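Have a look at data01.tsv below; it lists TSV, C-alpha atoms and all ligand atoms.
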```
chain	number	residue	atom	x	y	z
B	7	MET	CA	-30.09	-49.79	-23.46
B	8	GLU	CA	-32.41	-48.54	-26.20
B	9	GLU	CA	-31.37	-47.99	-29.81
B	10	ILE	CA	-32.22	-44.43	-30.93
B	11	ALA	CA	-30.88	-44.40	-34.48
B	12	ARG	CA	-28.87	-46.53	-36.86
B	13	ALA	CA	-27.21	-45.78	-40.20
B	14	THR	CA	-25.07	-47.66	-42.66
B	15	SER	CA	-22.31	-46.12	-44.75
B	16	THR	CA	-19.32	-47.43	-46.69
B	17	ARG	CA	-17.47	-47.55	-43.38
B	18	GLY	CA	-20.08	-49.81	-41.79
B	19	GLU	CA	-22.70	-49.28	-39.15
B	20	LEU	CA	-23.19	-46.30	-36.87
B	21	VAL	CA	-25.49	-46.78	-33.88
B	22	LEU	CA	-26.73	-44.21	-31.38
B	23	SER	CA	-28.20	-45.66	-28.17
B	24	GLN	CA	-29.65	-44.38	-24.93
B	25	ARG	CA	-28.54	-46.07	-21.73
B	26	ASP	CA	-30.90	-46.73	-18.83
B	27	ASP	CA	-29.50	-43.66	-17.02
B	28	GLY	CA	-30.47	-41.43	-19.99
B	29	SER	CA	-26.95	-40.91	-21.32
B	30	LEU	CA	-26.24	-41.39	-25.04
B	31	GLU	CA	-23.62	-43.67	-26.53
B	32	LEU	CA	-22.23	-43.73	-30.08
B	33	ARG	CA	-20.71	-46.88	-31.60
B	34	ALA	CA	-19.21	-47.53	-35.04
B	35	ASN	CA	-19.18	-51.16	-36.15
B	36	GLY	CA	-19.78	-52.12	-32.52
B	37	VAL	CA	-16.72	-50.18	-31.29
B	38	PHE	CA	-17.30	-47.50	-28.65
B	39	VAL	CA	-16.75	-44.02	-30.10
B	40	MET	CA	-18.00	-41.76	-27.29
B	41	ASP	CA	-20.76	-41.05	-24.80
B	42	THR	CA	-22.35	-38.07	-23.08
B	43	VAL	CA	-21.02	-38.93	-19.61
B	44	GLU	CA	-17.31	-38.07	-19.81
B	45	THR	CA	-17.04	-35.10	-22.17
B	46	SER	CA	-14.51	-32.97	-20.29
B	47	THR	CA	-11.64	-33.74	-22.68
B	48	GLU	CA	-13.68	-33.07	-25.81
B	49	ARG	CA	-14.33	-29.64	-24.32
B	50	ALA	CA	-10.70	-29.28	-23.19
B	51	LEU	CA	-9.60	-29.85	-26.78
B	52	ALA	CA	-11.35	-26.60	-27.59
B	53	THR	CA	-10.61	-24.59	-24.45
B	54	ARG	CA	-6.91	-25.48	-24.44
B	55	ALA	CA	-6.52	-24.33	-28.04
B	56	LEU	CA	-8.57	-21.16	-27.44
B	57	ALA	CA	-6.38	-20.28	-24.45
B	58	LEU	CA	-3.25	-20.52	-26.61
B	59	HIS	CA	-4.40	-18.02	-29.25
B	60	HIS	CA	-4.97	-14.27	-28.86
B	61	ASP	CA	-7.35	-13.96	-31.84
B	62	PRO	CA	-8.86	-17.31	-32.91
B	63	ARG	CA	-11.26	-16.30	-35.67
B	64	GLU	CA	-11.18	-19.26	-38.05
B	65	VAL	CA	-11.41	-22.73	-36.54
B	66	LEU	CA	-11.38	-26.19	-38.12
B	67	VAL	CA	-12.88	-29.04	-36.10
B	68	GLY	CA	-12.21	-32.53	-37.47
B	69	GLY	CA	-14.88	-34.92	-36.15
B	70	LEU	CA	-18.29	-33.60	-35.07
B	71	GLY	CA	-19.11	-36.50	-32.75
B	72	LEU	CA	-21.80	-35.34	-30.35
B	73	GLY	CA	-20.71	-31.72	-30.67
B	74	PHE	CA	-18.99	-31.01	-27.36
B	75	THR	CA	-15.80	-29.61	-28.89
B	76	LEU	CA	-17.87	-27.53	-31.29
B	77	GLU	CA	-20.06	-26.19	-28.48
B	78	ALA	CA	-16.99	-25.18	-26.45
B	79	ILE	CA	-15.51	-23.38	-29.47
B	80	LEU	CA	-18.78	-21.51	-30.09
B	81	ALA	CA	-18.83	-20.33	-26.47
B	82	ASP	CA	-15.91	-18.04	-27.35
B	83	ASP	CA	-17.10	-14.77	-28.93
B	84	ARG	CA	-13.76	-14.23	-30.66
B	85	VAL	CA	-14.52	-17.12	-33.02
B	86	GLY	CA	-16.00	-15.95	-36.31
B	87	ARG	CA	-16.38	-19.25	-38.16
B	88	VAL	CA	-16.05	-22.94	-37.37
B	89	THR	CA	-15.67	-25.41	-40.19
B	90	VAL	CA	-16.71	-28.83	-38.92
B	91	VAL	CA	-15.62	-31.79	-41.00
B	92	GLU	CA	-17.55	-35.00	-40.29
B	93	ILE	CA	-17.33	-38.17	-42.34
B	94	GLU	CA	-20.71	-39.66	-41.31
B	95	PRO	CA	-23.63	-37.79	-42.92
B	96	ALA	CA	-26.12	-39.51	-40.60
B	97	LEU	CA	-24.46	-38.01	-37.55
B	98	VAL	CA	-24.78	-34.52	-39.01
B	99	ASP	CA	-28.48	-35.23	-39.66
B	100	TRP	CA	-29.05	-36.56	-36.12
B	101	MET	CA	-27.42	-33.46	-34.63
B	102	ARG	CA	-29.50	-31.17	-36.85
B	103	ASP	CA	-32.90	-32.85	-36.58
B	104	GLY	CA	-32.96	-33.33	-32.81
B	105	THR	CA	-32.40	-37.11	-32.79
B	106	ILE	CA	-29.53	-35.94	-30.57
B	107	PRO	CA	-31.62	-33.59	-28.41
B	108	PHE	CA	-28.95	-30.99	-27.63
B	109	GLY	CA	-27.75	-30.88	-31.26
B	110	PRO	CA	-30.03	-28.36	-33.03
B	111	PRO	CA	-29.01	-25.17	-31.17
B	112	VAL	CA	-25.33	-25.97	-31.65
B	113	MET	CA	-25.75	-26.72	-35.36
B	114	ALA	CA	-27.95	-23.64	-35.91
B	115	ASP	CA	-25.23	-21.23	-34.84
B	116	PRO	CA	-24.60	-19.08	-37.94
B	117	ARG	CA	-20.84	-19.39	-37.44
B	118	VAL	CA	-20.98	-23.17	-38.12
B	119	LEU	CA	-20.11	-24.49	-41.57
B	120	VAL	CA	-20.44	-28.28	-41.90
B	121	GLN	CA	-18.58	-30.30	-44.52
B	122	VAL	CA	-19.31	-33.99	-44.86
B	123	ALA	CA	-15.88	-35.29	-45.81
B	124	ASP	CA	-12.78	-37.09	-44.65
B	125	VAL	CA	-10.80	-34.48	-42.76
B	126	THR	CA	-7.54	-35.97	-44.06
B	127	HIS	CA	-8.73	-35.14	-47.58
B	128	LEU	CA	-9.92	-31.68	-46.57
B	129	LEU	CA	-6.50	-30.89	-45.07
B	130	ARG	CA	-4.90	-31.84	-48.38
B	131	VAL	CA	-7.12	-29.62	-50.52
B	132	ALA	CA	-7.56	-26.63	-48.18
B	133	GLY	CA	-5.69	-23.45	-49.00
B	134	PRO	CA	-2.62	-22.47	-46.98
B	135	SER	CA	-2.96	-20.51	-43.73
B	136	ALA	CA	-6.74	-20.83	-43.68
B	137	TYR	CA	-7.28	-21.48	-39.94
B	138	ASP	CA	-6.14	-20.16	-36.58
B	139	LEU	CA	-6.97	-23.40	-34.78
B	140	VAL	CA	-7.08	-26.94	-36.19
B	141	LEU	CA	-8.61	-29.45	-33.77
B	142	LEU	CA	-8.52	-33.14	-34.68
B	143	ASP	CA	-10.60	-35.69	-32.80
B	144	VAL	CA	-11.73	-38.26	-35.34
B	145	ASP	CA	-10.68	-41.52	-33.74
B	146	ASN	CA	-9.44	-43.01	-30.48
B	147	GLY	CA	-5.85	-42.10	-31.27
B	148	PRO	CA	-3.11	-43.82	-33.25
B	149	GLY	CA	-2.94	-46.93	-31.06
B	150	TYR	CA	-6.55	-48.09	-31.13
B	151	LEU	CA	-8.40	-47.07	-34.25
B	152	VAL	CA	-12.13	-47.34	-34.87
B	153	HIS	CA	-11.39	-47.07	-38.61
B	154	ASP	CA	-8.00	-48.29	-39.90
B	155	ALA	CA	-8.15	-45.66	-42.64
B	156	ASN	CA	-7.65	-42.98	-39.96
B	157	ALA	CA	-4.08	-44.16	-39.27
B	158	ASP	CA	-2.82	-41.56	-41.76
B	159	LEU	CA	-4.24	-38.75	-39.69
B	160	TYR	CA	-1.57	-39.25	-37.03
B	161	ARG	CA	1.31	-39.48	-39.48
B	162	SER	CA	3.76	-36.90	-40.70
B	163	PRO	CA	2.27	-36.09	-44.16
B	164	THR	CA	-1.18	-35.30	-42.74
B	165	LEU	CA	0.20	-33.38	-39.79
B	166	HIS	CA	2.35	-31.37	-42.21
B	167	GLU	CA	-0.87	-30.54	-44.07
B	168	ALA	CA	-2.48	-29.52	-40.77
B	169	LYS	CA	0.45	-27.18	-40.17
B	170	ARG	CA	0.25	-25.84	-43.72
B	171	VAL	CA	-3.42	-24.88	-43.40
B	172	THR	CA	-2.76	-23.16	-40.07
B	173	ARG	CA	-1.91	-19.46	-39.94
B	174	ALA	CA	1.30	-18.19	-38.37
B	175	GLY	CA	0.83	-18.19	-34.60
B	176	GLY	CA	-1.93	-20.79	-34.90
B	177	VAL	CA	-2.34	-24.06	-33.10
B	178	VAL	CA	-2.96	-27.68	-34.11
B	179	VAL	CA	-4.26	-30.03	-31.41
B	180	VAL	CA	-4.75	-33.78	-31.73
B	181	TRP	CA	-6.85	-35.72	-29.19
B	182	SER	CA	-5.87	-39.27	-28.18
B	183	ALA	CA	-7.43	-41.74	-25.75
B	184	ALA	CA	-4.01	-43.17	-24.89
B	185	GLU	CA	-0.53	-41.79	-24.46
B	186	ALA	CA	1.08	-41.86	-27.91
B	187	PRO	CA	4.88	-41.35	-27.83
B	188	GLU	CA	5.19	-41.86	-31.58
B	189	LEU	CA	2.59	-39.17	-32.23
B	190	GLN	CA	4.55	-36.89	-29.91
B	191	ARG	CA	7.75	-37.52	-31.89
B	192	THR	CA	5.91	-36.86	-35.15
B	193	MET	CA	4.50	-33.59	-33.78
B	194	GLU	CA	8.04	-32.59	-32.71
B	195	THR	CA	9.34	-33.36	-36.20
B	196	VAL	CA	6.57	-31.39	-37.88
B	197	PHE	CA	6.39	-28.37	-35.55
B	198	GLY	CA	9.84	-28.33	-33.94
B	199	ARG	CA	10.68	-29.62	-30.52
B	200	TRP	CA	10.10	-26.36	-28.65
B	201	ARG	CA	6.78	-25.74	-30.33
B	202	THR	CA	4.94	-28.78	-29.04
B	203	GLU	CA	3.19	-29.67	-25.82
B	204	VAL	CA	1.67	-32.88	-24.43
B	205	VAL	CA	-1.24	-32.48	-22.04
B	206	ALA	CA	-2.54	-35.36	-19.89
B	207	LEU	CA	-6.17	-34.83	-18.90
B	208	PRO	CA	-7.47	-36.88	-15.95
B	209	VAL	CA	-10.82	-38.59	-16.58
B	210	ASP	CA	-13.12	-40.74	-14.48
B	211	LEU	CA	-14.29	-43.73	-16.52
B	212	GLN	CA	-17.07	-45.20	-14.38
B	213	GLY	CA	-14.92	-45.00	-11.25
B	214	ARG	CA	-11.66	-45.92	-13.00
B	215	PRO	CA	-9.15	-43.04	-13.07
B	216	GLU	CA	-7.53	-42.69	-16.50
B	217	SER	CA	-5.97	-40.03	-18.68
B	218	TYR	CA	-6.81	-38.82	-22.15
B	219	TRP	CA	-4.22	-36.83	-24.08
B	220	LEU	CA	-3.80	-33.71	-26.18
B	221	TYR	CA	-0.87	-33.30	-28.57
B	222	VAL	CA	-0.34	-29.61	-29.34
B	223	GLY	CA	1.78	-27.96	-32.02
B	224	TRP	CA	2.27	-24.22	-32.61
B	225	LYS	CA	3.03	-22.76	-35.98
B	226	GLY	CA	5.69	-20.10	-35.46
B	227	ASP	CA	5.18	-16.49	-36.53
B	301	LIG	C1	-14.73	-39.16	-30.95
B	301	LIG	S1	-15.80	-38.43	-32.08
B	301	LIG	C2	-15.50	-36.70	-31.93
B	301	LIG	C3	-16.00	-36.16	-30.64
B	301	LIG	C4	-16.12	-34.65	-30.63
B	301	LIG	N1	-14.84	-34.04	-30.33
B	301	LIG	C5	-17.15	-34.19	-29.64
B	301	LIG	O1	-16.90	-33.23	-28.92
B	301	LIG	O2	-18.24	-34.80	-29.58
B	301	LIG	C6	-15.06	-38.76	-33.64
B	301	LIG	C7	-15.87	-38.26	-34.82
B	301	LIG	O3	-15.07	-38.21	-35.99
B	301	LIG	C8	-15.78	-38.75	-37.09
B	301	LIG	N2	-14.78	-39.24	-38.03
B	301	LIG	C9	-14.14	-40.43	-38.04
B	301	LIG	N3	-13.21	-40.46	-39.01
B	301	LIG	C10	-13.27	-39.26	-39.65
B	301	LIG	C11	-12.55	-38.69	-40.73
B	301	LIG	N4	-11.56	-39.34	-41.32
B	301	LIG	N5	-12.88	-37.43	-41.12
B	301	LIG	C12	-13.88	-36.74	-40.50
B	301	LIG	N6	-14.59	-37.24	-39.46
B	301	LIG	C13	-14.28	-38.48	-39.03
B	301	LIG	C14	-16.64	-39.83	-36.46
B	301	LIG	O4	-17.73	-40.16	-37.29
B	301	LIG	C15	-17.06	-39.14	-35.15
B	301	LIG	O5	-18.19	-38.35	-35.33
```

Could you render the structure from this file as structure tokens?
Ligand SMILES: C[S@@+](CC[C@H](N)C(=O)[O-])C[C@H]1O[C@@H](n2cnc3c(N)ncnc32)[C@H](O)[C@@H]1O
Amino acid sequence: MEEIARATSTRGELVLSQRDDGSLELRANGVFVMDTVETSTERALATRALALHHDPREVLVGGLGLGFTLEAILADDRVGRVTVVEIEPALVDWMRDGTIPFGPPVMADPRVLVQVADVTHLLRVAGPSAYDLVLLDVDNGPGYLVHDANADLYRSPTLHEAKRVTRAGGVVVVWSAAEAPELQRTMETVFGRWRTEVVALPVDLQGRPESYWLYVGWKGD
């Protein structure tokens, strides 16, 4: 394993490494955030939401990571603008300057608008009905947080804000590494029981079959 880049912020240390097989791995304060091996569910976060909307022009992506959700959103010509909210400025730099080799073409797409901010804050200050799709993948899910401060993201007040900034007919999707029944109940409270969906996505974690999860809420017309 070779360290490629390291940055320190108020949240601690962010380290990007390259494994012996060439894949990249991102860790925050030593905790695994993601890698470039199993990226199917980061992409599914985008493709699932895109499939649920007939005209997804304005998209909010919370958590840039290594850009797989963003790339999948940009692959859809219907999308006119993607606002990406990422809390770690170094990660935005690494994606832009080629430290992450596949980053520059994704970040150079003229439809991409990057905001370095806490997405929970952005949801609070954004205007109403600003987005068709709101995609949230900023942590491992409510049960196993990289940053304790992200707990609020999975709670009712923030999810109400996510609904508020979504246009009628729009979709909010939250990614989770583990099944999260409480998050499901919160989504049902916020969006209404018949306007939510839970999607289990099978993944292969180095030979170990697992599931990652999407929690979907529709904002009614
Ligand atoms: C698991 S990664 C996202 C992966 C992404 N979906 C992809 O396709 O690569 C989580 C990202 O969210 C960022 N993040 C963590 N907390 C955040 C917050 N409160 N607001 C915005 N970004 C946050 C992390 O720095 C990291 O880049």

Please report as a Markdown table every residue of chain B lying within 6 Å of ligand LIG 301 (chain B), along with the nearest atom pair and their distance in Å (one decimal), using only C-alpha atoms and all ligand atoms.
```
| residue | atom | partner | partner_atom | distance |
| --- | --- | --- | --- | --- |
| B:Val39 | CA | B:LIG301 | C1 | 5.3 |
| B:Met40 | CA | B:LIG301 | C1 | 5.6 |
| B:Glu48 | CA | B:LIG301 | O1 | 4.5 |
| B:Gly68 | CA | B:LIG301 | C12 | 5.4 |
| B:Gly69 | CA | B:LIG301 | O3 | 3.3 |
| B:Leu70 | CA | B:LIG301 | O5 | 4.8 |
| B:Gly71 | CA | B:LIG301 | O5 | 3.3 |
| B:Leu72 | CA | B:LIG301 | O2 | 3.7 |
| B:Gly73 | CA | B:LIG301 | O2 | 4.1 |
| B:Phe74 | CA | B:LIG301 | O1 | 3.4 |
| B:Thr75 | CA | B:LIG301 | O1 | 3.8 |
| B:Val91 | CA | B:LIG301 | C12 | 5.3 |
| B:Glu92 | CA | B:LIG301 | N6 | 3.8 |
| B:Ile93 | CA | B:LIG301 | N6 | 4.1 |
| B:Glu94 | CA | B:LIG301 | O4 | 5.0 |
| B:Ala123 | CA | B:LIG301 | C12 | 5.9 |
| B:Asp124 | CA | B:LIG301 | N5 | 3.5 |
| B:Val125 | CA | B:LIG301 | N5 | 4.0 |
| B:Thr126 | CA | B:LIG301 | N4 | 5.9 |
| B:Asp143 | CA | B:LIG301 | C2 | 5.1 |
| B:Val144 | CA | B:LIG301 | O3 | 3.4 |
| B:Asp145 | CA | B:LIG301 | C6 | 5.2 |
| B:Asn156 | CA | B:LIG301 | N4 | 5.5 |
```

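Considering the residues B:Ala174, B:Ala183, B:Val122, B:Ala168 and counting only C-alpha atoms, B:Gly147 has its shortest atom-to-atom contact with B:Ala183.
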
**Q.** Selection near stretch 63-65 of chain B, 9 Å with all atoms listed in the file, sequence-local residues under 4 positions removed, as a list in words
**A.** Ile79, Arg84, Val85, Gly86, Arg87, Val88, Thr89, Val90, Ala136, Tyr137, Asp138, Leu139, Val140 and Leu141 of chain B

**Q.** Surrounding residues of B:Tyr218 excluding itself and chain neighbours under 4 positions, 10 Å, only C-alpha atoms, as a PyMOL selection string
**A.** chain B and resi 46-48+146-147+181-185+205-209

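Atom CA of B:Glu44 lies 11.3 Å from atom CA of B:Gly213.
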
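Counting only C-alpha atoms, B:Leu165 has the following residues at most 10 Å away, ignoring those fewer than 3 positions along the same chain: Thr126, Leu129, Asp158, Leu159, Tyr160, Arg161, Ser162, Ala168, Lys169, Arg170, Val171, Val178, Val180, Leu189, Thr192, Met193, Thr195, Val196, Phe197 and Gly223 of chain B.
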
Q | 10 Å contact set for B:Gly18, only C-alpha atoms, chain neighbours under 6 positions out, as a ChimeraX atom specification | A | /B:34-36,153

Q: Go through B:Val152, B:His166, B:Val112, B:Ala52 one by one, measure the shortest atom-to-atom distance of each to B:Leu66 using only C-alpha atoms, and give the residue with the smallest value.
A: B:Ala52

Q | Closest of B:Met7, B:Arg49, B:Val37, B:His59 to B:Ala81 - atom-to-atom distances counting all atoms listed in the file | A | B:Arg49

**Q.** atom CA of B:Glu167 to atom CA of B:Arg54, distance in Å rounded to a single decimal
**A.** 21.2 Å

(Q) Neighbouring residues of B:Glu203 were defined as those with any atom within 9 Å, considering all atoms listed in the file; residues of the same chain fewer than 2 positions away were excluded. Please report them as a PyMOL selection string. (A) chain B and resi 190+193-194+199-201+205+220-224

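Nearest residue to B:Leu97 among B:Thr45, B:Thr53, B:Ser135, B:Ser15 is B:Ser15, counting only C-alpha atoms.
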
Q. What is the atom CA of B:Ser29-atom CA of B:Thr42 distance in Å, reported with one decimal?
A. 5.7 Å

Box for stretch 53-69 of chain B: with edges along x, y and z, all listed atoms inside and 3 Å added on each side, what are the centre and edge lengths in Å to one decimal, as AutoDock Vina command-line options?
```
--center_x -9.1 --center_y -24.4 --center_z -31.3 --size_x 17.6 --size_y 27.0 --size_z 19.7
```

Limit the output to N, CA, C and O atoms and give stretch 13-41 of chain B as a short mmCIF file (atom, residue, chain, number, x, y, z; two decimals), in the first residue's frame.
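The resulting file, out-v4.cif, is shown below:
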```
data_model
loop_
_atom_site.label_atom_id
_atom_site.label_comp_id
_atom_site.auth_asym_id
_atom_site.auth_seq_id
_atom_site.Cartn_x
_atom_site.Cartn_y
_atom_site.Cartn_z
N ALA B 13 -4.23 14.91 3.90
CA ALA B 13 -4.64 16.28 4.25
C ALA B 13 -5.22 16.27 5.65
O ALA B 13 -5.75 15.26 6.10
N THR B 14 -5.09 17.42 6.31
CA THR B 14 -5.64 17.55 7.65
C THR B 14 -6.67 18.67 7.64
O THR B 14 -6.43 19.74 7.06
N SER B 15 -7.81 18.42 8.25
CA SER B 15 -8.83 19.47 8.39
C SER B 15 -9.32 19.43 9.83
O SER B 15 -8.82 18.65 10.65
N THR B 16 -10.32 20.26 10.12
CA THR B 16 -10.85 20.28 11.49
C THR B 16 -11.46 18.93 11.86
O THR B 16 -11.64 18.63 13.03
N ARG B 17 -11.80 18.14 10.88
CA ARG B 17 -12.38 16.82 11.17
C ARG B 17 -11.32 15.75 11.34
O ARG B 17 -11.64 14.61 11.65
N GLY B 18 -10.07 16.09 11.09
CA GLY B 18 -9.00 15.11 11.27
C GLY B 18 -8.23 14.88 9.99
O GLY B 18 -8.04 15.81 9.20
N GLU B 19 -7.84 13.63 9.78
CA GLU B 19 -6.91 13.32 8.69
C GLU B 19 -7.62 12.54 7.58
O GLU B 19 -8.36 11.59 7.86
N LEU B 20 -7.34 12.95 6.37
CA LEU B 20 -7.88 12.26 5.20
C LEU B 20 -6.70 11.69 4.42
O LEU B 20 -5.77 12.43 4.09
N VAL B 21 -6.73 10.40 4.13
CA VAL B 21 -5.60 9.77 3.45
C VAL B 21 -6.09 8.99 2.24
O VAL B 21 -7.02 8.18 2.34
N LEU B 22 -5.44 9.25 1.11
CA LEU B 22 -5.71 8.52 -0.12
C LEU B 22 -4.51 7.60 -0.38
O LEU B 22 -3.37 8.07 -0.42
N SER B 23 -4.78 6.30 -0.56
CA SER B 23 -3.69 5.34 -0.78
C SER B 23 -3.97 4.50 -2.02
O SER B 23 -5.12 4.34 -2.43
N GLN B 24 -2.87 3.97 -2.56
CA GLN B 24 -2.99 3.03 -3.68
C GLN B 24 -2.57 1.66 -3.20
O GLN B 24 -1.48 1.48 -2.63
N ARG B 25 -3.44 0.68 -3.42
CA ARG B 25 -3.12 -0.70 -3.01
C ARG B 25 -2.18 -1.33 -4.04
O ARG B 25 -2.02 -0.81 -5.15
N ASP B 26 -1.65 -2.48 -3.70
CA ASP B 26 -0.71 -3.16 -4.59
C ASP B 26 -1.36 -3.52 -5.93
O ASP B 26 -0.70 -3.60 -6.96
N ASP B 27 -2.69 -3.74 -5.91
CA ASP B 27 -3.38 -4.10 -7.16
C ASP B 27 -3.75 -2.86 -7.99
O ASP B 27 -4.42 -2.98 -9.02
N GLY B 28 -3.37 -1.67 -7.54
CA GLY B 28 -3.63 -0.44 -8.30
C GLY B 28 -4.89 0.28 -7.87
O GLY B 28 -5.10 1.43 -8.26
N SER B 29 -5.75 -0.37 -7.09
CA SER B 29 -6.98 0.30 -6.67
C SER B 29 -6.68 1.37 -5.64
O SER B 29 -5.66 1.32 -4.94
N LEU B 30 -7.57 2.36 -5.54
CA LEU B 30 -7.42 3.46 -4.58
C LEU B 30 -8.33 3.22 -3.38
O LEU B 30 -9.40 2.62 -3.50
N GLU B 31 -7.88 3.75 -2.25
CA GLU B 31 -8.65 3.61 -1.01
C GLU B 31 -8.62 4.95 -0.28
O GLU B 31 -7.57 5.58 -0.18
N LEU B 32 -9.77 5.36 0.23
CA LEU B 32 -9.88 6.62 0.98
C LEU B 32 -10.23 6.30 2.43
O LEU B 32 -11.16 5.54 2.70
N ARG B 33 -9.45 6.89 3.35
CA ARG B 33 -9.73 6.72 4.79
C ARG B 33 -9.79 8.08 5.46
O ARG B 33 -9.02 8.98 5.12
N ALA B 34 -10.68 8.21 6.44
CA ALA B 34 -10.77 9.42 7.26
C ALA B 34 -10.49 9.01 8.70
O ALA B 34 -11.18 8.13 9.24
N ASN B 35 -9.49 9.63 9.29
CA ASN B 35 -9.07 9.27 10.66
C ASN B 35 -8.88 7.76 10.81
O ASN B 35 -9.27 7.16 11.81
N GLY B 36 -8.33 7.14 9.78
CA GLY B 36 -8.05 5.71 9.82
C GLY B 36 -9.24 4.83 9.49
O GLY B 36 -9.10 3.62 9.29
N VAL B 37 -10.45 5.41 9.39
CA VAL B 37 -11.66 4.62 9.12
C VAL B 37 -11.88 4.55 7.61
O VAL B 37 -11.83 5.58 6.92
N PHE B 38 -12.14 3.35 7.11
CA PHE B 38 -12.39 3.15 5.69
C PHE B 38 -13.60 3.97 5.24
O PHE B 38 -14.67 3.87 5.84
N VAL B 39 -13.43 4.76 4.19
CA VAL B 39 -14.55 5.52 3.63
C VAL B 39 -15.05 4.82 2.36
O VAL B 39 -16.23 4.53 2.21
N MET B 40 -14.12 4.55 1.43
CA MET B 40 -14.51 3.88 0.18
C MET B 40 -13.26 3.49 -0.60
O MET B 40 -12.15 3.92 -0.28
N ASP B 41 -13.48 2.65 -1.64
CA ASP B 41 -12.39 2.32 -2.54
C ASP B 41 -12.90 2.33 -3.98
O ASP B 41 -14.06 2.68 -4.23
#
```
